[in-house]
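**Student:** The following file, structure_27.cif, comprises mmCIF, C-alpha atoms:
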data_coords
loop_
_atom_site.label_atom_id
_atom_site.label_comp_id
_atom_site.auth_asym_id
_atom_site.auth_seq_id
_atom_site.Cartn_x
_atom_site.Cartn_y
_atom_site.Cartn_z
CA MET A 1 -41.01 -2.87 68.62
CA GLN A 2 -41.60 -0.75 71.66
CA GLY A 3 -38.20 0.82 71.12
CA LEU A 4 -39.20 1.84 67.62
CA ILE A 5 -42.36 3.55 68.82
CA ILE A 6 -40.39 5.39 71.45
CA PHE A 7 -37.91 6.46 68.80
CA THR A 8 -40.60 8.16 66.70
CA ILE A 9 -41.65 10.38 69.60
CA MET A 10 -38.11 11.24 70.65
CA GLU A 11 -36.95 14.82 70.86
CA ARG A 12 -34.49 15.95 68.25
CA ASP A 13 -31.57 16.12 70.67
CA GLN A 14 -32.31 12.63 71.84
CA LYS A 15 -32.35 11.42 68.25
CA ILE A 16 -28.99 13.02 67.65
CA GLN A 17 -27.65 11.38 70.77
CA LEU A 18 -28.96 8.01 69.63
CA LEU A 19 -27.67 8.58 66.11
CA LEU A 20 -24.19 9.31 67.41
CA ASP A 21 -24.30 6.19 69.54
CA MET A 22 -25.44 4.13 66.60
CA GLN A 23 -22.70 5.55 64.42
CA GLU A 24 -20.06 4.57 66.92
CA HIS A 25 -21.46 1.19 67.88
CA PRO A 26 -23.82 -0.06 65.18
CA GLU A 27 -23.15 -3.61 66.33
CA GLN A 28 -25.12 -2.90 69.50
CA PHE A 29 -28.31 -2.32 67.50
CA SER A 30 -30.41 -4.66 65.42
CA GLU A 31 -30.69 -4.25 61.66
CA GLN A 32 -34.31 -3.30 62.10
CA GLU A 33 -33.46 -0.54 64.57
CA LEU A 34 -30.84 0.86 62.25
CA LYS A 35 -33.23 0.79 59.29
CA THR A 36 -35.90 2.53 61.32
CA MET A 37 -33.43 5.23 62.22
CA LEU A 38 -32.43 5.70 58.62
CA ASP A 39 -36.08 5.88 57.55
CA ASP A 40 -36.69 8.82 59.84
CA PRO A 41 -36.58 12.04 57.74
CA GLU A 42 -34.84 14.03 60.45
CA VAL A 43 -32.16 11.41 60.96
CA ARG A 44 -31.71 11.11 57.23
CA GLU A 45 -31.11 14.84 56.99
CA MET A 46 -28.49 14.62 59.71
CA MET A 47 -26.87 11.66 58.02
CA GLU A 48 -26.77 13.62 54.79
CA ALA A 49 -25.23 16.56 56.61
CA THR A 50 -22.58 14.29 58.11
CA ALA A 51 -21.85 12.77 54.73
CA LEU A 52 -21.62 16.20 53.08
CA LEU A 53 -19.21 17.62 55.62
CA LYS A 54 -17.11 14.47 55.43
CA GLN A 55 -17.01 14.76 51.67
CA ALA A 56 -16.14 18.45 51.89
CA MET A 57 -13.29 17.73 54.30
CA MET A 58 -11.98 14.88 52.20
CA ASN A 59 -12.25 16.98 49.08
CA GLU A 60 -10.19 19.70 50.73
CA GLU A 61 -7.57 17.25 51.86
CA SER A 62 -7.49 15.10 48.75
CA ASN A 63 -4.37 16.11 47.03
CA VAL A 64 -2.68 13.43 45.02
CA ASN A 65 0.75 14.91 44.72
CA ASP A 66 2.69 11.79 44.14
CA VAL A 67 1.23 10.41 40.94
CA ASP A 68 4.67 9.02 40.10
CA ALA A 69 4.64 6.77 43.16
CA GLU A 70 1.07 5.70 42.44
CA TRP A 71 1.97 4.88 38.86
CA GLN A 72 4.97 2.84 39.99
CA ARG A 73 2.78 0.96 42.42
CA PHE A 74 0.22 0.24 39.70
CA ALA A 75 2.83 -0.73 37.09
CA GLU A 76 4.55 -3.11 39.49
CA THR A 77 1.35 -4.93 40.38
CA HIS A 78 -0.43 -4.92 37.04
CA LEU A 79 2.04 -4.46 34.22
CA THR A 80 5.04 -6.61 35.01
CA ASP A 81 4.00 -9.53 32.83
CA GLU A 82 2.02 -7.63 30.25
CA ARG A 83 4.75 -6.20 28.06
CA PRO A 84 5.97 -8.50 25.34
CA GLU A 85 9.02 -6.31 24.75
CA ARG A 86 9.89 -6.63 28.41
CA SER A 87 9.74 -10.40 28.15
CA TRP A 88 12.01 -10.23 25.15
CA LEU A 89 14.46 -8.13 27.14
CA LYS A 90 14.39 -10.67 29.94
CA ILE A 91 15.16 -13.46 27.48
CA ALA A 92 17.91 -11.39 25.91
CA ALA A 93 19.38 -10.58 29.32
CA THR A 94 19.37 -14.25 30.26
CA PHE A 95 20.96 -15.18 26.96
CA ILE A 96 23.68 -12.57 27.36
CA GLY A 97 24.22 -13.68 30.93
CA ILE A 98 24.78 -17.27 29.79
CA LEU A 99 27.14 -16.06 27.11
CA MET A 100 29.08 -14.03 29.63
CA VAL A 101 29.53 -17.04 31.86
CA SER A 102 30.64 -19.00 28.83
CA GLY A 103 32.97 -16.15 28.00
CA ILE A 104 34.63 -16.38 31.38
CA ALA A 105 35.22 -20.06 30.84
CA PHE A 106 36.50 -19.48 27.32
CA ALA A 107 38.81 -16.74 28.52
CA ALA A 108 40.20 -18.88 31.31
CA ILE A 109 40.78 -21.86 29.04
CA HIS A 110 42.43 -19.83 26.35
CA ILE A 111 44.73 -17.96 28.70
CA ILE A 112 46.07 -21.24 30.06
CA ARG A 113 46.42 -22.77 26.62
CA TYR A 114 48.03 -19.64 25.28
CA GLN A 115 50.59 -19.57 28.04
CA GLN A 116 51.40 -23.26 27.67
CA LYS A 117 51.55 -23.51 23.89
CA SER A 118 52.27 -20.07 22.66
CA GLU A 119 53.82 -21.05 19.37
CA VAL A 120 51.22 -23.63 18.47
CA LEU A 121 48.39 -21.40 19.51
CA GLN A 122 49.67 -18.51 17.47
CA THR A 123 49.02 -20.58 14.38
CA ALA A 124 45.79 -21.99 15.72
CA ASP A 125 44.60 -18.54 16.72
CA SER A 126 45.33 -17.12 13.35
CA VAL A 127 43.26 -19.90 11.83
CA ALA A 128 40.49 -19.29 14.30
CA VAL A 129 40.60 -15.58 13.66
CA ALA A 130 40.69 -16.12 9.95
CA ASN A 131 37.69 -18.39 10.24
CA SER A 132 35.87 -15.84 12.22
CA SER A 133 34.44 -13.01 10.23
CA LEU A 134 34.73 -10.95 13.41
CA SER A 135 38.45 -10.51 13.13
CA THR A 136 38.49 -7.88 10.45
CA HIS A 137 34.95 -6.62 10.56
CA HIS A 138 32.43 -7.18 13.30
CA SER A 139 29.89 -9.68 12.26
CA SER A 140 26.55 -8.32 13.15
CA LEU A 141 24.80 -11.47 12.02
CA PRO A 142 22.30 -9.86 9.65
CA ASN A 143 20.05 -12.91 9.55
CA ASP A 144 19.95 -13.31 13.28
CA THR A 145 17.44 -11.87 15.72
CA ILE A 146 20.16 -9.78 17.34
CA PRO A 147 19.72 -6.13 16.42
CA PRO A 148 22.47 -4.56 14.26
CA LYS A 149 23.64 -2.45 17.18
CA VAL A 150 24.93 -5.61 18.82
CA VAL A 151 28.36 -6.98 17.92
CA ARG A 152 29.27 -10.54 18.73
CA TYR A 153 32.88 -11.47 19.34
CA ASP A 154 33.68 -15.12 19.09
CA GLU A 155 36.98 -15.99 20.75
CA SER A 156 38.32 -12.57 19.88
CA THR A 157 41.24 -10.97 21.66
CA LEU A 158 40.71 -8.34 24.29
CA GLU A 159 42.88 -6.05 22.17
CA GLN A 160 40.47 -6.35 19.28
CA ILE A 161 37.38 -5.80 21.41
CA LEU A 162 38.79 -2.83 23.30
CA THR A 163 40.23 -1.25 20.16
CA ASP A 164 36.75 -1.35 18.62
CA MET A 165 35.20 0.06 21.74
CA ALA A 166 37.81 2.79 22.05
CA ASP A 167 37.23 3.82 18.45
CA TYR A 168 33.49 3.81 18.88
CA TYR A 169 33.43 5.77 22.15
CA GLY A 170 36.38 8.01 21.26
CA LEU A 171 38.71 6.72 23.98
CA THR A 172 42.47 6.33 24.15
CA LEU A 173 43.68 2.88 25.07
CA ASP A 174 46.41 2.37 27.61
CA TRP A 175 47.63 -1.22 27.99
CA LYS A 176 49.30 -2.11 31.25
CA GLY A 177 50.87 -5.20 29.78
CA GLU A 178 51.07 -7.23 26.63
CA GLU A 179 49.45 -10.21 28.26
CA ALA A 180 46.13 -8.42 28.55
CA LYS A 181 45.95 -7.94 24.80
CA THR A 182 46.08 -11.67 24.14
CA LEU A 183 43.19 -12.63 26.39
CA ARG A 184 40.49 -14.21 24.30
CA LEU A 185 36.80 -14.02 24.99
CA PHE A 186 33.39 -14.70 23.76
CA TYR A 187 31.57 -11.41 24.18
CA ILE A 188 28.51 -9.54 23.00
CA TRP A 189 28.84 -5.80 22.85
CA ASN A 190 25.71 -3.71 22.73
CA LYS A 191 26.66 -0.45 21.08
CA GLN A 192 23.65 1.24 22.61
CA GLN A 193 25.34 1.00 25.98
CA SER A 194 27.33 3.96 27.21
CA ALA A 195 31.11 3.57 27.51
CA GLU A 196 30.74 3.24 31.27
CA GLU A 197 28.11 0.50 30.94
CA ALA A 198 30.18 -1.43 28.43
CA ILE A 199 33.27 -1.20 30.64
CA ARG A 200 31.29 -2.28 33.66
CA SER A 201 30.10 -5.27 31.68
CA MET A 202 33.64 -6.15 30.63
CA ASN A 203 34.85 -5.84 34.20
CA SER A 204 32.44 -8.57 35.20
CA PHE A 205 34.83 -11.02 33.54
CA GLU A 206 37.28 -12.68 35.80
CA ARG A 207 40.79 -11.24 35.51
CA ILE A 208 39.84 -8.30 33.30
CA SER A 209 40.41 -4.95 34.92
CA LEU A 210 39.42 -1.82 33.03
CA GLU A 211 39.45 1.77 34.22
CA LEU A 212 38.13 4.85 32.52
CA ASN A 213 39.60 8.22 33.42
CA ASP A 214 39.23 11.30 31.26
CA SER A 215 38.71 9.39 28.03
CA ILE A 216 41.68 7.14 28.75
CA LEU A 217 40.77 3.50 29.01
CA THR A 218 43.37 1.58 30.99
CA ALA A 219 43.35 -2.17 30.46
CA ASP A 220 45.01 -4.69 32.66
CA ILE A 221 44.55 -8.30 33.73
CA GLN A 222 45.03 -9.80 37.13
CA THR A 223 47.72 -12.45 37.20
CA ASN A 224 46.94 -15.93 38.40
CA SER A 225 50.37 -16.60 39.84
CA PRO A 226 50.08 -17.57 43.45
CA LYS A 227 51.81 -15.41 46.01
CA GLN A 228 54.88 -16.90 47.52
CA MET B 1 -3.65 -1.04 25.50
CA LYS B 2 0.03 -0.37 25.60
CA LYS B 3 1.75 0.56 28.79
CA LYS B 4 2.63 4.00 27.53
CA GLU B 5 -0.98 4.80 26.67
CA ILE B 6 -2.19 3.61 30.05
CA GLU B 7 0.49 5.67 31.76
CA ILE B 8 -0.65 8.84 29.98
CA LEU B 9 -4.27 8.25 31.01
CA PHE B 10 -3.20 7.36 34.52
CA ARG B 11 -1.25 10.55 34.98
CA GLN B 12 -4.02 12.66 33.49
CA HIS B 13 -6.96 11.27 35.42
CA TYR B 14 -5.71 9.49 38.52
CA ALA B 15 -6.15 12.41 40.92
CA GLN B 16 -9.69 13.19 39.80
CA MET B 17 -10.72 9.55 39.82
CA THR B 18 -9.31 8.94 43.28
CA ARG B 19 -10.99 12.05 44.60
CA GLN B 20 -14.35 10.83 43.36
CA ALA B 21 -13.86 7.34 44.76
CA ARG B 22 -12.72 8.71 48.09
CA MET B 23 -15.77 10.93 48.37
CA LEU B 24 -18.04 7.98 47.81
CA LEU B 25 -16.24 5.41 49.89
CA TYR B 26 -14.66 7.58 52.59
CA ASP B 27 -11.73 5.26 52.51
CA ASP B 28 -8.43 6.14 50.95
CA GLU B 29 -7.19 2.59 50.47
CA GLU B 30 -10.47 1.38 48.98
CA ALA B 31 -10.57 4.40 46.69
CA ARG B 32 -7.09 3.73 45.36
CA ASP B 33 -7.92 0.07 44.82
CA VAL B 34 -11.03 0.98 42.83
CA VAL B 35 -9.07 3.32 40.57
CA SER B 36 -6.34 0.72 40.08
CA GLU B 37 -8.98 -1.84 39.10
CA VAL B 38 -10.35 0.53 36.48
CA PHE B 39 -6.92 0.99 34.93
CA ALA B 40 -6.23 -2.73 35.19
CA THR B 41 -9.23 -3.41 32.95
CA LEU B 42 -7.77 -1.02 30.38
CA ILE B 43 -4.79 -3.33 29.92
CA LYS B 44 -7.06 -5.86 28.24
CA THR B 45 -9.03 -3.24 26.33
CA ASP B 46 -8.17 -2.42 22.74
CA ILE B 47 -10.97 -0.03 21.88
CA LEU B 48 -11.83 2.92 24.05
CA PRO B 49 -14.85 5.21 23.91
CA LYS B 50 -14.37 8.69 22.49
CA ASN B 51 -14.95 10.45 25.78
CA ILE B 52 -12.38 8.67 27.85
CA GLU B 53 -12.76 10.98 30.84
CA SER B 54 -16.47 10.23 31.19
CA TYR B 55 -15.77 6.57 30.72
CA LEU B 56 -13.15 6.49 33.46
CA MET B 57 -15.23 8.51 35.90
CA ALA B 58 -18.32 6.40 35.25
CA SER B 59 -16.27 3.24 35.78
CA VAL B 60 -15.04 4.53 39.13
CA ARG B 61 -18.53 5.57 40.17
CA ASN B 62 -20.09 2.23 39.25
CA ARG B 63 -17.46 0.25 41.07
CA CYS B 64 -17.87 2.42 44.15
CA LEU B 65 -21.64 2.01 44.09
CA ASN B 66 -21.29 -1.73 43.76
CA LEU B 67 -19.01 -1.74 46.76
CA LEU B 68 -21.44 0.39 48.74
CA GLU B 69 -24.34 -1.81 47.81
CA HIS B 70 -22.58 -4.78 49.32
CA LYS B 71 -21.94 -3.04 52.59
CA ASP B 72 -24.50 -3.93 55.22
CA VAL B 73 -26.68 -1.48 57.06
CA ARG B 74 -24.24 -1.33 59.95
CA ALA B 75 -21.38 -0.31 57.72
CA LYS B 76 -23.55 2.27 55.99
CA PHE B 77 -24.55 3.64 59.32
CA GLU B 78 -21.08 3.67 60.72
CA HIS B 79 -19.75 5.54 57.73
CA ALA B 80 -22.73 7.84 57.42
CA TYR B 81 -23.69 6.68 53.97
CA THR B 82 -27.08 7.80 52.92
CA LEU B 83 -29.34 5.14 51.57
CA ASP B 84 -30.41 7.42 48.77
CA LEU B 85 -26.87 7.86 47.56
CA ARG B 86 -27.19 5.64 44.57
CA GLN B 87 -30.42 7.22 43.46
CA GLU B 88 -29.09 10.74 43.92
CA ILE B 89 -25.96 10.03 41.97
CA GLN B 90 -27.88 8.51 39.12
CA GLU B 91 -30.28 11.43 39.05
CA ASN B 92 -27.45 13.94 39.04
CA ASP B 93 -25.12 11.96 36.85
CA GLU B 94 -23.98 14.87 34.74
CA ASP B 95 -23.44 17.08 37.76
CA PHE B 96 -21.41 14.44 39.42
CA LEU B 97 -19.08 14.20 36.48
CA SER B 98 -18.57 17.92 36.29
CA ASN B 99 -16.55 20.11 38.57
CA SER B 100 -19.73 21.55 40.06
CA VAL B 101 -19.70 18.93 42.82
CA GLU B 102 -16.22 19.97 43.78
CA GLN B 103 -17.29 23.60 43.84
CA GLN B 104 -20.27 22.73 46.03
CA LEU B 105 -18.05 20.88 48.46
CA GLN B 106 -15.69 23.82 48.57
CA GLN B 107 -18.64 26.08 49.37
CA ILE B 108 -19.76 23.75 52.15
CA MET B 109 -16.26 23.72 53.59
CA ALA B 110 -16.05 27.50 53.46
CA PHE B 111 -19.45 27.72 55.14
CA ALA B 112 -18.40 25.24 57.82
CA LYS B 113 -15.27 27.24 58.56
CA ARG B 114 -17.31 30.39 58.93
CA GLN B 115 -20.01 28.88 61.11
CA LEU B 116 -18.18 26.32 63.21
CA THR B 117 -15.38 26.76 65.69
CA GLY B 118 -12.00 25.22 65.11
CA GLN B 119 -12.60 22.73 67.86
CA THR B 120 -15.93 21.60 66.40
CA LEU B 121 -14.26 21.01 63.06
CA MET B 122 -11.44 19.19 64.75
CA VAL B 123 -13.80 16.92 66.68
CA PHE B 124 -15.74 16.16 63.51
CA HIS B 125 -12.51 15.38 61.67
CA MET B 126 -11.23 13.14 64.45
CA ARG B 127 -14.49 11.23 64.55
CA HIS B 128 -15.42 10.91 60.88
CA ILE B 129 -12.15 11.19 58.99
CA ASP B 130 -9.70 9.71 61.48
CA GLY B 131 -12.27 7.21 62.79
CA MET B 132 -11.59 7.86 66.47
CA LYS B 133 -13.98 6.82 69.20
CA TYR B 134 -15.77 9.47 71.25
CA GLN B 135 -13.80 8.68 74.37
CA GLU B 136 -10.50 8.83 72.50
CA ILE B 137 -11.39 12.27 71.18
CA ALA B 138 -12.42 13.43 74.65
CA ASP B 139 -9.16 12.17 76.14
CA GLN B 140 -7.01 13.69 73.46
CA LEU B 141 -8.64 17.10 73.56
CA GLY B 142 -9.11 17.11 77.33
CA ILE B 143 -12.86 17.63 77.11
CA SER B 144 -15.81 15.59 78.30
CA ARG B 145 -17.54 12.97 76.23
CA VAL B 146 -20.70 15.11 76.37
CA MET B 147 -18.79 17.98 74.79
CA VAL B 148 -17.71 15.69 71.98
CA TYR B 149 -21.39 14.87 71.36
CA LYS B 150 -22.26 18.56 71.39
CA HIS B 151 -19.58 19.44 68.87
CA LEU B 152 -20.74 16.68 66.54
CA ALA B 153 -24.39 17.64 66.94
CA LYS B 154 -23.51 21.27 66.21
CA ALA B 155 -21.66 20.29 63.05
CA MET B 156 -24.56 18.14 61.82
CA ASN B 157 -27.17 20.78 62.52
CA THR B 158 -25.18 23.55 60.87
CA ILE B 159 -24.61 21.62 57.66
CA LYS B 160 -28.20 20.42 57.69
CA GLU B 161 -29.41 24.01 57.78
CA TYR B 162 -27.04 24.93 54.97
CA ASN B 163 -28.32 22.00 52.97
CA ASN B 164 -31.94 22.91 53.56
CA GLN B 165 -31.35 26.51 52.53
CA LYS B 166 -29.61 25.33 49.40
CA LYS B 167 -32.47 23.01 48.53
CA TYR B 168 -34.86 25.90 49.00
CA LEU B 169 -32.80 28.32 46.92
CA GLU B 170 -31.91 25.97 44.07
CA PRO B 171 -35.38 25.96 42.46
CA LEU B 172 -35.36 29.78 42.62
CA ASP B 173 -31.97 29.92 40.93
CA LYS B 174 -33.13 27.57 38.23
CA GLY B 175 -36.29 29.61 37.80
CA ARG B 176 -34.25 32.72 37.16
CA LEU B 177 -32.26 31.08 34.40
#
Any chance you could give the structure as structure tokens?

**Tutor:**
Amino acid sequence: MQGLIIFTIMERDQKIQLLLDMQEHPEQFSEQELKTMLDDPEVREMMEATALLKQAMMNEESNVNDVDAEWQRFAETHLTDERPERSWLKIAATFIGILMVSGIAFAAIHIIRYQQKSEVLQTADSVAVANSSLSTHHSSLPNDTIPPKVVRYDESTLEQILTDMADYYGLTLDWKGEEAKTLRLFYIWNKQQSAEEAIRSMNSFERISLELNDSILTADIQTNSPKQ
Amino acid sequence: MKKKEIEILFRQHYAQMTRQARMLLYDDEEARDVVSEVFATLIKTDILPKNIESYLMASVRNRCLNLLEHKDVRAKFEHAYTLDLRQEIQENDEDFLSNSVEQQLQQIMAFAKRQLTGQTLMVFHMRHIDGMKYQEIADQLGISRVMVYKHLAKAMNTIKEYNNQKKYLEPLDKGRL
């Protein structure tokens, strides 16, 4: 209490000195001492002055140039699970991923079968192709949830798939071997993809090797024959 | 609200909202968090008021004031908050929303640059914006601790005088209008 009385009769410079000390080390003063300081009109004026100059400095320096980065930060923390269309895309991506894995398996199985029983499979393939509405025109499954821009190939030959793609993207096909044409796959082609994206997607299949140079799409497959 | 709508509002108002929050809280990270919280509430909001700018700025202000209210006396003291802040802001609500506050702060800064030396401004900045201790400032600038006190006292007194003059002149200005 004595300290408080002394404070009220302090000279201005002494008050400033004490104020500065209190600002740096408020933990060294009791709550009551701090309140008493803040109740003093002169100290309050100095506190206001400090606050004003701080605000003025911060105002001068506040320059949010990188709103893009701030938006990204916000979107990542607050919006990742909020978009239903995003969730749908995730589901679709997972679905396509599963299909692609299945496609690899299908392709591998069919290549082996085709090589072993070429004559029998020719007949069987023609039946399978005939059964599939994809052979002559791409079934876009109008009653399905898949958008019309997506074409589903069910055990179709690589020749058929790449011919469609080449037509659609305006590319010239260059086959490195006849064997590549006969590879069969289960594949979903999203026509909204660019040619490069579609080719990249196809290249994710084992054995398929596609290259695009100046509108020429070169197709090849890697042989499985072991090196001797 | 849809993401696209929030993004448009974010890009339009983020800078202004952050500036306001920073001026109240004196803390960049806290200010950004407050503004993010305001936008986060918009995600769950379907209907917005007509004056979206006022709504956003008021939301920032209220959140800042709530934060300040929960700071103890020590924190207020350390950061030079004035206890009357809340009352002043509520009294001058319209002013605070307008650009006039920014203009006033620019005037104060221009005045400070005219009246204070570069070193005084630097000491003030190091202490109150960078949060350095007196001894650290003294060591870095190669001056005594007493000189650091003097620079800070000079800055406070100069702005206090400016503030008092302004308070005295404001009623005259209003009287002329």

**Student:** Give me the chain B side of the contact with chain A, cut-off 7 Å, one line per residue showing its nearest atom pair and distance in Å at one decimal, counting only C-alpha atoms, sorted by chain and residue number, as a Markdown table.

**Tutor:**
| residue | atom | partner | partner_atom | distance |
| --- | --- | --- | --- | --- |
| B:Arg11 | CA | A:Val67 | CA | 6.5 |
| B:Ala15 | CA | A:Val64 | CA | 5.5 |
| B:Arg19 | CA | A:Ser62 | CA | 6.2 |
| B:Met23 | CA | A:Gln55 | CA | 5.2 |
| B:Ser36 | CA | A:Phe74 | CA | 6.6 |
| B:Ala40 | CA | A:His78 | CA | 6.5 |
| B:Val73 | CA | A:Glu31 | CA | 6.7 |
| B:Arg74 | CA | A:Pro26 | CA | 5.4 |
| B:Phe77 | CA | A:Gln23 | CA | 5.8 |
| B:Glu78 | CA | A:Gln23 | CA | 4.5 |
| B:Ala80 | CA | A:Met47 | CA | 5.7 |
| B:Tyr81 | CA | A:Ala51 | CA | 6.4 |
| B:Thr82 | CA | A:Glu48 | CA | 6.1 |
| B:Leu105 | CA | A:Ala56 | CA | 4.6 |
| B:Gln106 | CA | A:Ala56 | CA | 6.3 |
| B:Ile108 | CA | A:Ala56 | CA | 6.4 |
| B:Met109 | CA | A:Ala56 | CA | 5.5 |
| B:His128 | CA | A:Lys54 | CA | 6.7 |
| B:Ile129 | CA | A:Lys54 | CA | 6.9 |
| B:Lys133 | CA | A:Glu24 | CA | 6.9 |
| B:Ala153 | CA | A:Ile16 | CA | 6.6 |
| B:Met156 | CA | A:Ala49 | CA | 5.5 |
| B:Asn157 | CA | A:Met46 | CA | 6.9 |
| B:Ile159 | CA | A:Ala49 | CA | 5.2 |
| B:Lys160 | CA | A:Ala49 | CA | 5.0 |

**Student:** Find the distance between atom CA of A:Arg200 and atom CA of A:Leu212 and write it in Å to one decimal.

**Tutor:** 9.9 Å

**Student:** Quick one: of B:Cys64, B:Gly142, B:Glu7, B:Glu53, who's nearest to B:Val35, counting only C-alpha atoms?

**Tutor:**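 That would be B:Cys64, the residue with the smallest distance to B:Val35.
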
**Student:** If you apply the PyMOL selection byres ((chain A and resi 191) around 7) to this file, what residues do you get, as a PDB file with C-alpha atoms, keeping the file's coordinate frame?

**Tutor:**
ATOM      1  CA  LYS A 149      23.640  -2.450  17.180  1.00  0.00           C
ATOM      2  CA  VAL A 150      24.930  -5.610  18.820  1.00  0.00           C
ATOM      3  CA  TRP A 189      28.840  -5.800  22.850  1.00  0.00           C
ATOM      4  CA  ASN A 190      25.710  -3.710  22.730  1.00  0.00           C
ATOM      5  CA  GLN A 192      23.650   1.240  22.610  1.00  0.00           C
ATOM      6  CA  GLN A 193      25.340   1.000  25.980  1.00  0.00           C
TER       7      GLN A 193
END

**Student:** Can you pull out every residue within 9 Å of B:Asp28, counting only C-alpha atoms, but drop anything in the same chain fewer than 6 positions away, and send it as a PyMOL selection string?

**Tutor:** chain B and resi 18+21-22

**Student:** Write to file, as a PDB file, in the coordinates of the input, the residues of the selection just made, with C-alpha atoms.

**Tutor:**
ATOM      1  CA  THR B  18      -9.310   8.940  43.280  1.00  0.00           C
ATOM      2  CA  ALA B  21     -13.860   7.340  44.760  1.00  0.00           C
ATOM      3  CA  ARG B  22     -12.720   8.710  48.090  1.00  0.00           C
TER       4      ARG B  22
END

**Student:** Would you compute the distance between atom CA of B:Lys44 and atom CA of B:Leu25? Give it in Å to one decimal.

**Tutor:**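 Atom-to-atom, atom CA of B:Lys44 and atom CA of B:Leu25 are spaced 26.1 Å apart.
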
**Student:** Have a look at atom CA of A:Thr36 and atom CA of A:Glu11 and let me know their distance in Å, one decimal.

**Tutor:**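 Computing the Euclidean distance for atom CA of A:Thr36 and atom CA of A:Glu11 yields 15.6 Å.
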
**Student:** Could you name the residues that touch A:Leu171 at 6 Å or less, counting all atoms listed in the file, but leaving out those on the same chain fewer than 4 positions away, as a count of residues only?

**Tutor:** 3

**Student:** Which neighbours of B:Met147 fall inside 12 Å, counting only C-alpha atoms, when residues of the same chain fewer than 5 positions from it are skipped, and could you give them as a list in words?

**Tutor:** Gln17 of chain A; Gln119, Thr120, Val123, Phe124, Tyr134, Gln135, Ile137, Ala138, Asp139, Leu141, Gly142, Leu152, Ala153 and Lys154 of chain B

**Student:** For A:Leu185, which residue among A:Gln160, A:Gln14, A:Asn213, A:Gln222 is the nearest when counting only C-alpha atoms?

**Tutor:**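 So, comparing all the options, the nearest one is A:Gln160.
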